[in-house]
Each structure stands twice: as C-alpha cells, then as structure tokens.
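Novice: Next comes query_23.tsv, TSV, C-alpha atoms:
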```
chain	number	residue	atom	x	y	z
A	18	MET	CA	12.85	-14.70	-8.96
A	19	SER	CA	9.90	-12.40	-8.52
A	20	ASN	CA	7.51	-10.13	-10.37
A	21	ILE	CA	6.37	-8.45	-7.13
A	22	ALA	CA	8.47	-5.74	-5.53
A	23	ILE	CA	8.01	-4.02	-2.19
A	24	ILE	CA	9.67	-0.64	-1.78
A	25	GLY	CA	10.34	0.07	1.88
A	26	SER	CA	11.50	-1.77	4.99
A	27	GLY	CA	9.10	-0.55	7.68
A	28	ASN	CA	6.15	-2.24	9.38
A	29	MET	CA	3.86	-2.12	6.35
A	30	ALA	CA	6.57	-3.46	4.05
A	31	ALA	CA	7.25	-6.29	6.49
A	32	GLY	CA	3.54	-7.10	6.79
A	33	LEU	CA	3.01	-7.08	3.03
A	34	ALA	CA	6.06	-9.31	2.50
A	35	ALA	CA	4.76	-11.80	5.07
A	36	ALA	CA	1.23	-11.80	3.65
A	37	LEU	CA	2.40	-12.20	0.06
A	38	THR	CA	4.83	-15.02	0.82
A	39	ALA	CA	2.17	-16.74	2.93
A	40	ALA	CA	0.03	-16.64	-0.22
A	41	GLY	CA	2.79	-18.39	-2.15
A	42	LYS	CA	4.23	-15.31	-3.87
A	43	ASN	CA	7.89	-14.48	-4.35
A	44	VAL	CA	8.84	-10.92	-3.47
A	45	PHE	CA	11.85	-8.67	-3.79
A	46	ILE	CA	12.16	-6.04	-1.07
A	47	GLY	CA	14.05	-2.90	-1.99
A	48	ALA	CA	15.15	-0.03	0.23
A	49	ARG	CA	17.55	2.89	0.15
A	50	ASP	CA	19.49	0.94	2.76
A	51	ALA	CA	19.92	-2.37	0.96
A	52	ALA	CA	21.17	-4.05	4.13
A	53	LYS	CA	17.84	-3.36	5.83
A	54	ALA	CA	15.98	-4.83	2.86
A	55	GLN	CA	18.18	-7.92	2.93
A	56	ALA	CA	17.65	-8.36	6.67
A	57	LEU	CA	13.88	-8.09	6.25
A	58	ALA	CA	13.95	-10.60	3.38
A	59	GLN	CA	15.96	-13.04	5.49
A	60	LYS	CA	13.44	-12.67	8.31
A	61	THR	CA	10.54	-13.17	5.88
A	62	GLY	CA	11.81	-16.45	4.48
A	63	ALA	CA	13.03	-18.23	1.38
A	64	GLN	CA	10.46	-16.67	-0.93
A	65	ALA	CA	11.85	-13.19	-0.31
A	66	GLN	CA	14.95	-11.44	-1.60
A	67	GLY	CA	16.31	-8.07	-0.59
A	68	GLY	CA	18.51	-5.44	-2.17
A	69	THR	CA	18.55	-2.01	-3.71
A	70	LEU	CA	15.56	-0.06	-4.98
A	71	ALA	CA	16.63	-0.56	-8.58
A	72	GLN	CA	17.09	-4.30	-8.13
A	73	ALA	CA	13.63	-4.66	-6.64
A	74	VAL	CA	11.88	-2.80	-9.42
A	75	ALA	CA	13.87	-4.16	-12.36
A	76	ALA	CA	12.12	-7.53	-12.71
A	77	ALA	CA	8.79	-6.56	-11.13
A	78	GLN	CA	5.46	-6.15	-12.85
A	79	THR	CA	3.74	-5.03	-9.64
A	80	VAL	CA	5.38	-2.68	-7.15
A	81	PHE	CA	4.03	-1.97	-3.66
A	82	LEU	CA	5.11	1.53	-2.67
A	83	ALA	CA	5.26	0.95	1.10
A	84	LEU	CA	6.63	4.36	2.00
A	85	PRO	CA	5.37	7.46	3.79
A	86	TYR	CA	3.88	9.85	1.27
A	87	ALA	CA	6.56	12.47	2.00
A	88	ALA	CA	9.28	10.06	0.85
A	89	ALA	CA	7.56	8.71	-2.23
A	90	ALA	CA	8.35	11.42	-4.79
A	91	GLU	CA	12.08	11.42	-3.97
A	92	VAL	CA	12.29	7.65	-4.27
A	93	LEU	CA	10.35	7.57	-7.53
A	94	GLN	CA	12.83	10.01	-9.07
A	95	GLN	CA	15.46	7.30	-8.68
A	96	LEU	CA	13.44	4.51	-10.32
A	97	ASP	CA	12.17	3.49	-13.72
A	98	VAL	CA	8.62	2.30	-13.09
A	99	SER	CA	7.49	2.55	-16.71
A	100	GLY	CA	4.78	0.00	-17.46
A	101	LYS	CA	4.56	-1.16	-13.84
A	102	THR	CA	1.49	-1.47	-11.65
A	103	LEU	CA	2.33	0.78	-8.71
A	104	ILE	CA	0.25	0.20	-5.57
A	105	ASP	CA	0.36	3.26	-3.31
A	106	ILE	CA	-0.53	2.44	0.30
A	107	SER	CA	0.21	5.86	1.80
A	108	ASN	CA	-1.87	8.41	3.65
A	109	PRO	CA	-0.59	12.01	3.49
A	110	VAL	CA	-0.62	12.48	7.26
A	111	THR	CA	0.96	15.32	9.18
A	112	ALA	CA	3.86	14.72	11.55
A	113	ASP	CA	1.52	14.28	14.52
A	114	PHE	CA	-0.69	11.79	12.59
A	115	GLN	CA	-3.80	13.81	13.43
A	116	ASN	CA	-4.43	15.57	10.10
A	117	LEU	CA	-3.94	15.20	6.37
A	118	SER	CA	-1.42	17.40	4.59
A	119	LEU	CA	-3.45	17.59	1.37
A	120	GLY	CA	-6.89	16.75	0.04
A	121	PHE	CA	-10.13	17.99	-1.53
A	122	THR	CA	-8.65	18.78	-4.95
A	123	THR	CA	-5.94	16.12	-5.07
A	124	SER	CA	-4.63	13.11	-3.14
A	125	ALA	CA	-1.36	11.38	-2.37
A	126	ALA	CA	-2.13	8.79	-5.04
A	127	GLU	CA	-2.80	11.42	-7.69
A	128	GLU	CA	0.40	13.27	-6.83
A	129	ILE	CA	2.33	9.99	-7.01
A	130	ALA	CA	0.76	9.35	-10.43
A	131	LYS	CA	2.06	12.76	-11.55
A	132	ALA	CA	5.53	11.82	-10.29
A	133	ALA	CA	5.39	8.47	-12.12
A	134	PRO	CA	3.31	9.13	-15.25
A	135	GLN	CA	4.49	5.99	-17.04
A	136	ALA	CA	3.21	3.71	-14.25
A	137	ALA	CA	-0.37	2.58	-13.59
A	138	VAL	CA	-1.04	3.77	-10.04
A	139	VAL	CA	-3.50	1.93	-7.81
A	140	LYS	CA	-4.54	3.18	-4.38
A	141	GLY	CA	-4.90	0.37	-1.86
A	142	PHE	CA	-4.20	-0.91	1.66
A	143	ASN	CA	-4.16	2.61	3.12
A	144	THR	CA	-7.02	1.69	5.47
A	145	VAL	CA	-5.31	-1.44	6.83
A	146	PHE	CA	-2.93	-1.38	9.78
A	147	ALA	CA	0.29	-3.39	9.49
A	148	GLN	CA	-0.91	-5.72	12.24
A	149	LEU	CA	-3.89	-6.80	10.12
A	150	LEU	CA	-1.70	-7.88	7.25
A	151	ASP	CA	-0.99	-11.03	9.25
A	152	PRO	CA	-3.61	-13.62	8.17
A	153	ALA	CA	-3.85	-14.91	11.75
A	154	ALA	CA	-4.93	-11.46	12.95
A	155	ARG	CA	-8.00	-11.49	10.70
A	156	SER	CA	-9.02	-15.13	10.93
A	157	GLU	CA	-12.37	-14.16	12.44
A	158	GLN	CA	-13.15	-11.10	10.32
A	159	THR	CA	-13.35	-10.15	6.68
A	160	VAL	CA	-11.13	-7.16	5.95
A	161	GLN	CA	-11.94	-5.09	2.90
A	162	VAL	CA	-9.27	-3.39	0.82
A	163	PHE	CA	-10.51	-0.49	-1.29
A	164	LEU	CA	-8.79	-0.16	-4.66
A	165	ALA	CA	-8.98	3.00	-6.77
A	166	ALA	CA	-7.32	3.31	-10.18
A	167	ASP	CA	-7.87	4.67	-13.66
A	168	ASP	CA	-6.18	1.68	-15.32
A	169	GLU	CA	-8.63	-1.22	-15.09
A	170	GLU	CA	-6.07	-3.91	-15.87
A	171	ALA	CA	-3.78	-2.65	-13.14
A	172	LYS	CA	-6.72	-2.61	-10.74
A	173	LYS	CA	-7.54	-6.22	-11.66
A	174	ARG	CA	-3.94	-7.27	-10.96
A	175	ALA	CA	-4.04	-5.52	-7.61
A	176	ALA	CA	-7.41	-7.09	-6.81
A	177	ALA	CA	-6.13	-10.58	-7.61
A	178	LEU	CA	-3.15	-10.13	-5.28
A	179	THR	CA	-5.42	-8.68	-2.60
A	180	ALA	CA	-7.70	-11.71	-2.79
A	181	ASP	CA	-4.74	-14.10	-2.76
A	182	MET	CA	-3.68	-12.53	0.54
A	183	GLY	CA	-7.09	-13.28	2.02
A	184	PHE	CA	-8.64	-9.82	1.83
A	185	LYS	CA	-11.84	-8.80	0.07
A	186	ALA	CA	-10.97	-6.44	-2.76
A	187	VAL	CA	-13.51	-3.66	-3.28
A	188	ASP	CA	-13.51	-1.64	-6.49
A	189	ALA	CA	-13.51	2.00	-5.36
A	190	GLY	CA	-13.61	3.54	-8.83
A	191	GLY	CA	-11.11	5.92	-10.39
A	192	LEU	CA	-7.91	7.23	-8.87
A	193	ARG	CA	-9.49	10.56	-7.95
A	194	ASN	CA	-11.54	8.66	-5.35
A	195	SER	CA	-8.32	8.42	-3.36
A	196	ARG	CA	-9.38	11.87	-2.13
A	197	PHE	CA	-12.04	10.03	-0.12
A	198	LEU	CA	-10.08	6.89	0.75
A	199	GLU	CA	-7.21	8.81	2.31
A	200	PRO	CA	-9.44	10.63	4.85
A	201	LEU	CA	-10.90	7.21	5.63
A	202	GLY	CA	-7.37	5.99	6.33
A	203	GLU	CA	-6.74	8.97	8.60
A	204	MET	CA	-9.99	8.26	10.48
A	205	ASN	CA	-8.80	4.71	11.01
A	206	ILE	CA	-5.53	6.07	12.45
A	207	LEU	CA	-7.49	8.33	14.79
A	208	PHE	CA	-9.67	5.44	15.96
A	209	GLY	CA	-6.70	3.13	16.39
A	210	PHE	CA	-4.17	5.37	18.09
A	211	PHE	CA	-6.01	8.36	19.54
A	212	LEU	CA	-9.45	7.00	20.40
A	213	GLY	CA	-8.22	3.79	21.99
A	214	LYS	CA	-9.54	1.20	19.56
A	215	GLY	CA	-6.19	-0.43	18.76
A	216	THR	CA	-4.78	-1.74	15.52
A	217	GLY	CA	-7.08	-4.71	15.00
A	218	ILE	CA	-9.67	-2.53	13.27
A	219	ALA	CA	-10.43	-1.61	9.67
A	220	PRO	CA	-13.29	0.21	7.94
A	221	MET	CA	-15.76	-1.76	5.87
A	222	TRP	CA	-19.01	-1.30	3.99
A	223	SER	CA	-21.69	-3.90	4.69
A	224	GLY	CA	-23.37	-5.45	1.70
A	225	LEU	CA	-20.38	-5.09	-0.61
```
Taking this structure as input, can you express it in the form of structure tokens?
Specialist:
Amino acid sequence: MSNIAIIGSGNMAAGLAAALTAAGKNVFIGARDAAKAQALAQKTGAQAQGGTLAQAVAAAQTVFLALPYAAAAEVLQQLDVSGKTLIDISNPVTADFQNLSLGFTTSAAEEIAKAAPQAAVVKGFNTVFAQLLDPAARSEQTVQVFLAADDEEAKKRAAALTADMGFKAVDAGGLRNSRFLEPLGEMNILFGFFLGKGTGIAPMWSGL
C-alpha cells in the first residue's frame, strides 16, 4: 500500500502520519507494540496501516524514524533498512530535556548512520514540535524544516515530502551539520517548555 513508513507511535509519529495523509500519502506505521501502531493507523484514517516494525519497513522506500534517540539503535538492530531513506527526527536530549547527551564531535544522526550504514540518513523535523505538524496550526506562518544529509538523492526525496506537507525545506548541508541542528532543536525545547513560549514556535532563518 505504501512506500512511506513511520517507526514509532508517539506524538511525533501521530503528527507525521496525519500530515502525510493530509498531503495524500499512504503510510504504514510500525511499532514494537503492533497493537498501538494499528490503533494509531485507525485513528489516522484510511490512508494509514499499522503493524510490526518489519512490516512497516518492508515495502517502504522512505522511513521516518520517529523515536527518541536512546531507542533508535536498539530498534535499528531489528530492521533491514538497506537502501532506504531514513529520516531521523530525534534530538539526543537528557532525561530532564534540558541538555544534550552528545555533541561537538558527533550527533544523533551520525550515530544512527553508523548503526544503519546501508541506509541513507537524513536529519530533519527535529526543530518542529508535534503540534506544528498539523497544517491548521501553521496556516498563518511558514515553518522551515532543515534537512542535512550526505546522500543528495535521499535529501531530495525528504525535501519533496517536506514540501508536500506544507513546510519549507531548507538544505542544511551534510549530515555532520546535525551537530548544529540538534542544539537548535534543544533550544526550541527550552523556549517551548521551560521559557514559556509554548509549542506553536519553530526556528527559522529569514531570507532563505
């Protein structure tokens, strides 16, 4: 049914599923608890299916890894993502959400690429709250999504999906630039949850 998979069943997975189906895409949601994935798919609508992790990835060309960074490596060990475009949306935040657990010389995206060397990893959507995935929540603002990847074709596929969902895709260079995007995602979390700005915010560069 679908060449787009979403791995995860949390708020970001739900938001991505809704945004993609609103853009006319078919998606397969996979989770370690297949029942949760099926329930989310049913809630999303007829263009969504749900099931196991392996089922989601099997027919997909593009896979959204909508998981906390700490869970990603374990899940990837269970999956064959060879030849897939793997969009990592995570930020490697600490348990209290007020710091990053790694940075400077690596990033969550680069570590995920090491764990899945046969996939083309793209960093994206890590600076967007789940609430802003809803097109209605951004009807009066342009929300940029920064995409970093070493594989240009994978980045183009991710950019096309990003645009289809109503975001402005911004080429952020190679995957190593995730080292800068992930602190930007953490700053957005700090603004949203600890500095009282709420979840209707997102960083952007003017003139891009």
Novice: Between atom CA of Gly183 of chain A and atom CA of Asn20 of chain A, what distance in Å does the model show, to one decimal?
Specialist: 19.4 Å
Novice: Against segment 21-35 of chain A, which residues of segment 147-175 of chain A fall within 8 Å? For each one I want the closest pair of atoms and the distance in Å (one decimal), counting only C-alpha atoms, rows by chain and increasing residue number, as CSV.
Specialist:
```
residue,atom,partner,partner_atom,distance
A:Ala147,CA,A:Met29,CA,4.9
A:Gln148,CA,A:Gly32,CA,7.2
A:Leu150,CA,A:Gly32,CA,5.3
A:Asp151,CA,A:Gly32,CA,6.5
```
Novice: Considering only C-alpha atoms, state which residue in the set A:Ala166, A:Val110, A:Ile46, A:Leu103 is at the smallest distance from Phe81 of chain A.
Specialist: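 Residue with the minimum atom-to-atom distance to Phe81 of chain A: A:Leu103.
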Novice: Between A:Ala87, A:Ala136, A:Val74, A:Val80, which one has atoms that come closest to Leu178 of chain A, using only C-alpha atoms?
Specialist: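 With only C-alpha atoms as the atom set, the closest residue is A:Val80.
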Novice: To one decimal in Å, tell me the separation between atom CA of Val92 of chain A and atom CA of Gly68 of chain A.
Specialist: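 Value for the atom CA of Val92 of chain A-atom CA of Gly68 of chain A distance: 14.6 Å.
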Novice: Rank nothing, just name the residue among A:Ala36, A:Thr111, A:Gly100, A:Gly67 nearest to Asp50 of chain A, using only C-alpha atoms.
Specialist: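 Going through A:Ala36, A:Thr111, A:Gly100, A:Gly67 one by one, the smallest distance to Asp50 of chain A is for A:Gly67.
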Novice: Ranking A:Ala48, A:Met221, A:Leu119, A:Leu164 by minimum distance to Asn205 of chain A and counting only C-alpha atoms, which one comes first?
Specialist: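 Result for the nearest residue to Asn205 of chain A: A:Met221.
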Novice: Considering only C-alpha atoms, state which residue in the set A:Glu127, A:Phe114, A:Asn194, A:Asp167 is at the smallest distance from Phe208 of chain A.
Specialist: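 Nearest candidate to Phe208 of chain A out of A:Glu127, A:Phe114, A:Asn194, A:Asp167: A:Phe114.
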Novice: My list of candidates is A:Glu203, A:Asp97, A:Asp181, A:Glu169. Which is closest to Gln78 of chain A when distances are computed with all atoms listed in the file?
Specialist: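 Using all atoms listed in the file, the shortest distance to Gln78 of chain A belongs to A:Asp97.
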Novice: Need to verify the contact set: Leu192 of chain A, 9 Å, only C-alpha atoms, exclusion of same-chain residues closer than 3 positions in sequence. Can you return it as a list in words?
Specialist: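 Answer for this query is Ser124, Ala126, Glu127, Val138, Val139, Lys140, Leu164, Ala165, Ala166, Asp167, Asp168, Ala189, Ser195 and Arg196 of chain A.
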Novice: Need to verify the contact set: Ser223 of chain A, 12 Å, all atoms listed in the file, exclusion of same-chain residues closer than 6 positions in sequence. Can you return it as a compact mmCIF listing (two decimals) with C-alpha atoms, keeping the file's coordinate frame?
Specialist:
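What follows is the written file selection18.txt:
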```txt
# COMPACT_ATOMS: atom_id res chain seq x y z
CA THR A 159 -13.35 -10.15 6.68
CA VAL A 160 -11.13 -7.16 5.95
CA GLN A 161 -11.94 -5.09 2.90
CA LYS A 185 -11.84 -8.80 0.07
CA VAL A 187 -13.51 -3.66 -3.28
```
Novice: Dump as an NGL selection string all residues having an atom at most 7 Å from (10.8, -15.2, -3.9), computed in the file's coordinates with all atoms listed in the file.
Specialist: :A and (18-19 or 42-45 or 63-66)
Novice: Using only C-alpha atoms, can you list as a PyMOL selection string the residues within 10 Å of (5.8, 11.2, -11.4)?
Specialist: chain A and resi 89-91+93-94+98+127-136
Novice: Expressed in Å to a single decimal, how great is the separation between atom CA of Thr144 of chain A and atom CA of Met182 of chain A?
Specialist: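 Separation between atom CA of Thr144 of chain A and atom CA of Met182 of chain A: 15.4 Å.
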Novice: List the neighbours of Glu157 of chain A out to 12 Å using only C-alpha atoms; skip same-chain residues closer than 4 positions along the sequence, and give me the result as a JSON list (two decimals) with C-alpha atoms, in the frame of the given file.
Specialist:
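Okay, around.json is ready:
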```
[["chain", "number", "residue", "atom", "x", "y", "z"],
["A", 149, "LEU", "CA", -3.89, -6.80, 10.12],
["A", 152, "PRO", "CA", -3.61, -13.62, 8.17],
["A", 153, "ALA", "CA", -3.85, -14.91, 11.75],
["A", 183, "GLY", "CA", -7.09, -13.28, 2.02],
["A", 217, "GLY", "CA", -7.08, -4.71, 15.00],
["A", 218, "ILE", "CA", -9.67, -2.53, 13.27]]
```
Novice: Is there a way to complete segment 111-122 of chain A with all heavy atoms and then write that out as a PDB file, keeping the file's coordinate frame?
Specialist:
```pdb
ATOM      1  N   THR A 111       0.029  14.364   8.594  1.00  0.00           N
ATOM      2  CA  THR A 111       0.960  15.320   9.180  1.00  0.00           C
ATOM      3  C   THR A 111       1.865  14.617  10.183  1.00  0.00           C
ATOM      4  O   THR A 111       1.639  13.455  10.534  1.00  0.00           O
ATOM      5  CB  THR A 111       0.187  16.455   9.862  1.00  0.00           C
ATOM      6  OG1 THR A 111      -0.728  15.890  10.820  1.00  0.00           O
ATOM      7  CG2 THR A 111      -0.582  17.283   8.848  1.00  0.00           C
ATOM      8  N   ALA A 112       2.863  15.334  10.669  1.00  0.00           N
ATOM      9  CA  ALA A 112       3.860  14.720  11.550  1.00  0.00           C
ATOM     10  C   ALA A 112       3.256  14.170  12.833  1.00  0.00           C
ATOM     11  O   ALA A 112       3.767  13.191  13.391  1.00  0.00           O
ATOM     12  CB  ALA A 112       4.952  15.742  11.887  1.00  0.00           C
ATOM     13  N   ASP A 113       2.144  14.767  13.291  1.00  0.00           N
ATOM     14  CA  ASP A 113       1.520  14.280  14.520  1.00  0.00           C
ATOM     15  C   ASP A 113       0.445  13.220  14.259  1.00  0.00           C
ATOM     16  O   ASP A 113      -0.225  12.772  15.182  1.00  0.00           O
ATOM     17  CB  ASP A 113       0.931  15.444  15.331  1.00  0.00           C
ATOM     18  CG  ASP A 113      -0.185  16.180  14.593  1.00  0.00           C
ATOM     19  OD1 ASP A 113      -0.544  15.763  13.458  1.00  0.00           O
ATOM     20  OD2 ASP A 113      -0.682  17.178  15.138  1.00  0.00           O
ATOM     21  N   PHE A 114       0.264  12.829  13.000  1.00  0.00           N
ATOM     22  CA  PHE A 114      -0.690  11.790  12.590  1.00  0.00           C
ATOM     23  C   PHE A 114      -2.153  12.163  12.840  1.00  0.00           C
ATOM     24  O   PHE A 114      -3.019  11.310  12.758  1.00  0.00           O
ATOM     25  CB  PHE A 114      -0.390  10.445  13.289  1.00  0.00           C
ATOM     26  CG  PHE A 114       0.900   9.810  12.835  1.00  0.00           C
ATOM     27  CD1 PHE A 114       2.080  10.043  13.529  1.00  0.00           C
ATOM     28  CD2 PHE A 114       0.943   8.995  11.723  1.00  0.00           C
ATOM     29  CE1 PHE A 114       3.280   9.477  13.127  1.00  0.00           C
ATOM     30  CE2 PHE A 114       2.130   8.417  11.301  1.00  0.00           C
ATOM     31  CZ  PHE A 114       3.298   8.658  12.003  1.00  0.00           C
ATOM     32  N   GLN A 115      -2.442  13.427  13.079  1.00  0.00           N
ATOM     33  CA  GLN A 115      -3.800  13.810  13.430  1.00  0.00           C
ATOM     34  C   GLN A 115      -4.507  14.624  12.347  1.00  0.00           C
ATOM     35  O   GLN A 115      -5.663  15.018  12.522  1.00  0.00           O
ATOM     36  CB  GLN A 115      -3.817  14.569  14.760  1.00  0.00           C
ATOM     37  CG  GLN A 115      -3.334  13.704  15.913  1.00  0.00           C
ATOM     38  CD  GLN A 115      -3.638  14.289  17.266  1.00  0.00           C
ATOM     39  OE1 GLN A 115      -4.777  14.601  17.578  1.00  0.00           O
ATOM     40  NE2 GLN A 115      -2.620  14.448  18.097  1.00  0.00           N
ATOM     41  N   ASN A 116      -3.826  14.849  11.215  1.00  0.00           N
ATOM     42  CA  ASN A 116      -4.430  15.570  10.100  1.00  0.00           C
ATOM     43  C   ASN A 116      -3.840  15.074   8.795  1.00  0.00           C
ATOM     44  O   ASN A 116      -2.814  14.384   8.787  1.00  0.00           O
ATOM     45  CB  ASN A 116      -4.178  17.076  10.228  1.00  0.00           C
ATOM     46  CG  ASN A 116      -5.005  17.723  11.316  1.00  0.00           C
ATOM     47  OD1 ASN A 116      -6.217  17.897  11.158  1.00  0.00           O
ATOM     48  ND2 ASN A 116      -4.369  18.070  12.430  1.00  0.00           N
ATOM     49  N   LEU A 117      -4.485  15.453   7.694  1.00  0.00           N
ATOM     50  CA  LEU A 117      -3.940  15.200   6.370  1.00  0.00           C
ATOM     51  C   LEU A 117      -3.252  16.455   5.856  1.00  0.00           C
ATOM     52  O   LEU A 117      -3.701  17.577   6.118  1.00  0.00           O
ATOM     53  CB  LEU A 117      -5.056  14.794   5.398  1.00  0.00           C
ATOM     54  CG  LEU A 117      -5.771  13.472   5.694  1.00  0.00           C
ATOM     55  CD1 LEU A 117      -6.925  13.259   4.715  1.00  0.00           C
ATOM     56  CD2 LEU A 117      -4.809  12.297   5.628  1.00  0.00           C
ATOM     57  N   SER A 118      -2.181  16.273   5.104  1.00  0.00           N
ATOM     58  CA  SER A 118      -1.420  17.400   4.590  1.00  0.00           C
ATOM     59  C   SER A 118      -1.942  17.907   3.256  1.00  0.00           C
ATOM     60  O   SER A 118      -1.541  18.975   2.789  1.00  0.00           O
ATOM     61  CB  SER A 118       0.054  17.030   4.461  1.00  0.00           C
ATOM     62  OG  SER A 118       0.215  15.948   3.556  1.00  0.00           O
ATOM     63  N   LEU A 119      -2.817  17.144   2.606  1.00  0.00           N
ATOM     64  CA  LEU A 119      -3.450  17.590   1.370  1.00  0.00           C
ATOM     65  C   LEU A 119      -4.778  16.872   1.201  1.00  0.00           C
ATOM     66  O   LEU A 119      -5.064  15.892   1.894  1.00  0.00           O
ATOM     67  CB  LEU A 119      -2.538  17.392   0.157  1.00  0.00           C
ATOM     68  CG  LEU A 119      -1.927  16.011  -0.120  1.00  0.00           C
ATOM     69  CD1 LEU A 119      -2.927  15.102  -0.813  1.00  0.00           C
ATOM     70  CD2 LEU A 119      -0.691  16.148  -0.978  1.00  0.00           C
ATOM     71  N   GLY A 120      -5.588  17.361   0.286  1.00  0.00           N
ATOM     72  CA  GLY A 120      -6.890  16.750   0.040  1.00  0.00           C
ATOM     73  C   GLY A 120      -7.816  17.676  -0.710  1.00  0.00           C
ATOM     74  O   GLY A 120      -7.421  18.736  -1.183  1.00  0.00           O
ATOM     75  N   PHE A 121      -9.063  17.261  -0.846  1.00  0.00           N
ATOM     76  CA  PHE A 121     -10.130  17.990  -1.530  1.00  0.00           C
ATOM     77  C   PHE A 121      -9.937  18.037  -3.050  1.00  0.00           C
ATOM     78  O   PHE A 121     -10.772  17.561  -3.792  1.00  0.00           O
ATOM     79  CB  PHE A 121     -10.317  19.415  -0.979  1.00  0.00           C
ATOM     80  CG  PHE A 121     -10.775  19.452   0.451  1.00  0.00           C
ATOM     81  CD1 PHE A 121      -9.920  19.913   1.438  1.00  0.00           C
ATOM     82  CD2 PHE A 121     -12.040  19.015   0.801  1.00  0.00           C
ATOM     83  CE1 PHE A 121     -10.332  19.941   2.762  1.00  0.00           C
ATOM     84  CE2 PHE A 121     -12.458  19.041   2.121  1.00  0.00           C
ATOM     85  CZ  PHE A 121     -11.604  19.506   3.099  1.00  0.00           C
ATOM     86  N   THR A 122      -8.841  18.639  -3.510  1.00  0.00           N
ATOM     87  CA  THR A 122      -8.650  18.780  -4.950  1.00  0.00           C
ATOM     88  C   THR A 122      -7.567  17.862  -5.501  1.00  0.00           C
ATOM     89  O   THR A 122      -7.329  17.839  -6.709  1.00  0.00           O
ATOM     90  CB  THR A 122      -8.278  20.230  -5.308  1.00  0.00           C
ATOM     91  OG1 THR A 122      -7.088  20.598  -4.614  1.00  0.00           O
ATOM     92  CG2 THR A 122      -9.411  21.175  -4.929  1.00  0.00           C
TER      93      THR A 122
END
```
